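Heads up, the thing below is written out as structure tokens.
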Amino acid sequence: MWFLLACSQAVVEPSPPRDIALPTAQILRPMPDVAVGIGYGLANVVVLEGPEGAVVVDSLEGATPARELLAAWRAERSLPIAALVLTHNHPDHSFGGGVFLEEGPIPVWAHEKTPVELGKLVNILRDVIQVRSTRMFGTLLEDVHDRGIGAQLRYKAEDVALAWPDHLVSGPTPLRAGGLELELIPIPGETDDHLAVWWPERKVLIAGDDIYEAFPNLYTIRGTAYRDVMTWVESLDRMRDLGAELLIPMHTGPIVGAAQVEETLRIYRDAIQFVHDQTVRQMNKGRSAYEIAASLRLPAAMARHPYLQERYGKLAWCVRGIYSGYLGWFDGDPADLEPLPPPERARRYMAAFSAGRGLPEQVEEALAAGQWSWAAELAMLWQQAEPEEERARRARAQALEGMAKEAQNPNLKNWARTTAAELRGELLLKPTAVERNPVALIDSLPIDGFLRGLPTRLRAEDAEAVDLKVELTFPDLSRSYSLHIRGGVAELRQRPSPAASLRIQTSAQNFKRLLAKKASALRLLADGDLELSGDPSSLVAFLRLFDAGTD
């Protein structure tokens, strides 16, 4: 609330998705006692081999691929299976689980939310998700050899062998099975019920679908509830903090080496945060989901990275998912509040295309006939095509006034009338200037929430080449925060920053007042209420990386 934002500029055009080698069915061994079954279905299966038995992680999309995977592993090892872990509820990870229980009962571990989500899949949303997933993955097509994150999806309704979880976890939980000492860690991201499997002794981390070699599906077109992308970022940071030396996504191949694991997790989380922060930044500017999706581009380093190619998720879809997650389906055009029924709308478009008259004439004709909703829709198209055309604005204002007069709903009436007044220049809507916020309000804001808003105001176009580590220390709260600005993203963590090149120490109240234009940096410095590790110009340069002030 204390910044007014500026437009995020397009940074670089995305490169075409590069081809990756989607493997045929095989068992990979990136480390002794770790088997990765890849290519048997859409997802991977990981088998961790202990001295007394094996822990299987995920189970593919049906009994047939699960049995093929199990037979291939059994050709190498004869260990008994001691436990099955499901990283999340998606069918390509959970619908073959019964195969691993055929040799005898074993515990099936999952997040406490997994049974609920599985229930939605098989009971509540079964029909619509099955049809939409079939379209998305091209399941019925004969010539599809690339489904973005895997070569084949082998789902058949009659082949489902679901093993319902009977050991549920809600927080970090030790798992002792087969002579292995593992930890199950909740990592909500692509789904709320995600679990990571961590083998501390070997520094092996199994990451579910929170990362794979493709741009993340922050929204999936087969349909999903809102995926909280900043929770996803926090989960990736939680994984970074473990210091894994082998990272196994449940789609695409393993990542070997601590440096490579950290670099991949870091740029993946940065890309997700970038899309979130810059979408929010432009939402606050008043742009619609479609406008943001059409203009937002990843910074160059992200756009080139192999793990961020649009082979599965697409940036534009993710923008629209984030927008809808915060604001819902309505993007601000009153014509969308009472659209014509689809058949009537289609007939009118057919008539309009056949009439041989220009859009302005069509708008005037609709206005004359009192067809307010239709006129408002056409007038919006006219205004978008000719943004500076005064006649288009006037026509749209007239249509919205007509909608308002006929409307019974006060919300629709008020929105339409206000928009019409804006189009005529009678009203000017802007966010409240930061200096008008009462100081008591600024002082009352919890510092954690206040700081969480800071990255969404980063001027990414000015920060792409910046690599700046800042430490914020608030002695009155006995807390320190690190803010690492890099590549167009500001990573905020509640911890000290030993490598910081800029250190700012003041009270939480003074810092909030400084950013809210209720205090002067020079005055705080002069009075000894703010300490810097450098000269005041470093503080000014830092603050200039964020939107502030008014247009």
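Here's how to read the names in the structure tokens: chain A, B, ... by the order shown, residue numbers from 1 in each chain, ligand numbers from 1 in the order shown.
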- Message: When DSSP is applied to the backbone of this structure, which of region 442-512 of chain A are assigned strand (DSSP E)? Write them out as JSON, numbers by chain.
- Response: {"A": [467, 468, 469, 470, 471, 472, 473, 474, 479, 480, 481, 482, 483, 484, 485, 486, 489, 490, 491, 492, 493, 502, 503, 504, 505, 506]}
- Item | region 535-550 of chain A surroundings by only C-alpha atoms, 10 Å radius, close-in-sequence under 3 positions cut, as a PyMOL selection string | chain A and resi 2-7+281+430-435+454-463+466+468+470+485+488+501-504+514-517+521-522+525+531-532
- Message: Based on the backbone DSSP call, show me all residues of region 350-534 of chain A assigned helix (DSSP H, G or I), as JSON, numbers by chain.
- Response: {"A": [350, 351, 352, 353, 354, 355, 359, 360, 361, 362, 363, 364, 365, 366, 367, 368, 372, 373, 374, 375, 376, 377, 378, 379, 380, 381, 382, 383, 384, 385, 390, 391, 392, 393, 394, 395, 396, 397, 398, 399, 400, 401, 402, 403, 404, 405, 406, 410, 411, 412, 413, 414, 415, 416, 417, 418, 419, 420, 421, 422, 423, 434, 435, 436, 439, 440, 441, 442, 443, 444, 447, 448, 449, 450, 451, 452, 454, 455, 456, 457, 460, 461, 462, 463, 508, 509, 510, 511, 512, 513, 514, 515, 521, 522, 523, 524, 525, 526]}
Per residue of region 34-97 of chain A within 12 Å of region 185-190 of chain A, note the shortest atom pair and the distance in Å to one decimal, counting only C-alpha atoms, and order the rows by chain and increasing residue number, as JSON lines.
```
{"residue": "A:Val85", "atom": "CA", "partner": "A:Ile185", "partner_atom": "CA", "distance": 11.7}
{"residue": "A:Leu86", "atom": "CA", "partner": "A:Pro186", "partner_atom": "CA", "distance": 11.7}
{"residue": "A:Thr87", "atom": "CA", "partner": "A:Pro186", "partner_atom": "CA", "distance": 9.1}
{"residue": "A:His88", "atom": "CA", "partner": "A:Glu190", "partner_atom": "CA", "distance": 9.2}
{"residue": "A:Asn89", "atom": "CA", "partner": "A:Glu190", "partner_atom": "CA", "distance": 10.6}
{"residue": "A:His90", "atom": "CA", "partner": "A:Glu190", "partner_atom": "CA", "distance": 10.0}
```
- Query: Glu364 (chain A): which residues within 10 Å, counting only C-alpha atoms, same-chain residues fewer than 6 positions away excluded, as number ranges by chain?
  - Reply: A: 370, 375, 378-379, 392, 395, 399
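Excluding Arg266 (chain A) itself and any same-chain residue fewer than 5 positions from it, the protein and nucleic acid residues within 9 Å of it, counting only C-alpha atoms, are Leu236, Asp237, Arg240, Val261 and Ala271 of chain A.
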- Item | Nearest to Glu117 (chain A) by atom-to-atom distance, counting only C-alpha atoms, from A:Arg287, A:Lys469, A:His194, A:Arg391 | A:His194
- Can you tell me, as a PyMOL selection string, what residues are no more than 9 Å from region 29-41 of chain A when counting only C-alpha atoms, ignoring any on the same chain fewer than 6 positions away? chain A and resi 22-23+47-50+60-62+65-66+68-70+72-73+92+150-155+202+204+246+248+250-256
- Item | Atom pair CA of Asp448 (chain A) / CA of Asp467 (chain A): separation (Å) | 23.0 Å
- Message: Taking 3 positions as the minimum chain separation for residues in the same chain, which residues sit within 8 Å of Ala335 (chain A) when counting only C-alpha atoms? Answer as a VMD selection string.
- Response: chain A and resid 338 to 339 373 to 374 376 to 377 400
- Task: With a distance cut-off of 12 Å and only C-alpha atoms, select the neighbouring residues of Glu263 (chain A), excluding the residue or stretch itself and same-chain residues fewer than 2 positions from it, and output the selection as a ChimeraX atom specification.
- Result: /A:236-237,240,243-245,247,255-261,265-270,302,305-307
Residues from the last selection, C-alpha atoms, saved as a PDB file, in the first residue's frame:
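Saved the output as result.pdb:
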```
ATOM      1  CA  LEU A 236      11.826 -24.406  -2.976  1.00  0.00           C
ATOM      2  CA  ASP A 237      13.770 -22.314  -0.462  1.00  0.00           C
ATOM      3  CA  ARG A 240      17.621 -25.235  -0.943  1.00  0.00           C
ATOM      4  CA  GLY A 243      22.045 -28.722   0.897  1.00  0.00           C
ATOM      5  CA  ALA A 244      21.139 -31.739  -1.238  1.00  0.00           C
ATOM      6  CA  GLU A 245      23.783 -33.306  -3.460  1.00  0.00           C
ATOM      7  CA  LEU A 247      17.907 -33.833  -6.431  1.00  0.00           C
ATOM      8  CA  ILE A 255      20.254 -33.285 -10.868  1.00  0.00           C
ATOM      9  CA  VAL A 256      23.657 -34.303  -9.517  1.00  0.00           C
ATOM     10  CA  GLY A 257      26.046 -32.157  -7.464  1.00  0.00           C
ATOM     11  CA  ALA A 258      25.386 -29.652  -4.673  1.00  0.00           C
ATOM     12  CA  ALA A 259      26.274 -26.604  -6.802  1.00  0.00           C
ATOM     13  CA  GLN A 260      24.051 -27.726  -9.679  1.00  0.00           C
ATOM     14  CA  VAL A 261      21.171 -28.497  -7.306  1.00  0.00           C
ATOM     15  CA  LEU A 265      16.475 -24.604  -7.396  1.00  0.00           C
ATOM     16  CA  ARG A 266      17.481 -20.934  -7.121  1.00  0.00           C
ATOM     17  CA  ILE A 267      16.672 -19.903 -10.674  1.00  0.00           C
ATOM     18  CA  TYR A 268      13.474 -21.965 -10.617  1.00  0.00           C
ATOM     19  CA  ARG A 269      12.227 -20.202  -7.490  1.00  0.00           C
ATOM     20  CA  ASP A 270      13.376 -16.848  -8.873  1.00  0.00           C
ATOM     21  CA  MET A 302      15.836 -17.001 -16.864  1.00  0.00           C
ATOM     22  CA  HIS A 305      17.695 -21.531 -18.720  1.00  0.00           C
ATOM     23  CA  PRO A 306      16.882 -25.134 -19.718  1.00  0.00           C
ATOM     24  CA  TYR A 307      14.593 -25.618 -16.724  1.00  0.00           C
TER      25      TYR A 307
END
```
- Could you check which of A:Leu195, A:Val319, A:Ala300, A:Val489 is closest to Val229 (chain A), using only C-alpha atoms?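 The answer is A:Val319, which sits nearest to Val229 (chain A).
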- Message: One number please: CA of Ala293 (chain A) to CA of Arg320 (chain A), in Å, one decimal.
- Response: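 The value is 6.7 Å.
Between CA of Arg348 (chain A) and CA of Glu386 (chain A) the interatomic distance comes to 21.9 Å.
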- Shortest interatomic distance to Asp159 (chain A) - which of A:Ala316, A:Ala63, A:Ala43, A:Val233, counting only C-alpha atoms: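 Closest to Asp159 (chain A) of all the choices is A:Ala63.
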- Select, from A:Pro360, A:Leu441, A:Ile81, A:Asn44, the residue with the minimum atom-to-atom distance to Glu102 (chain A), counting only C-alpha atoms.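 Closest candidate: A:Ile81.
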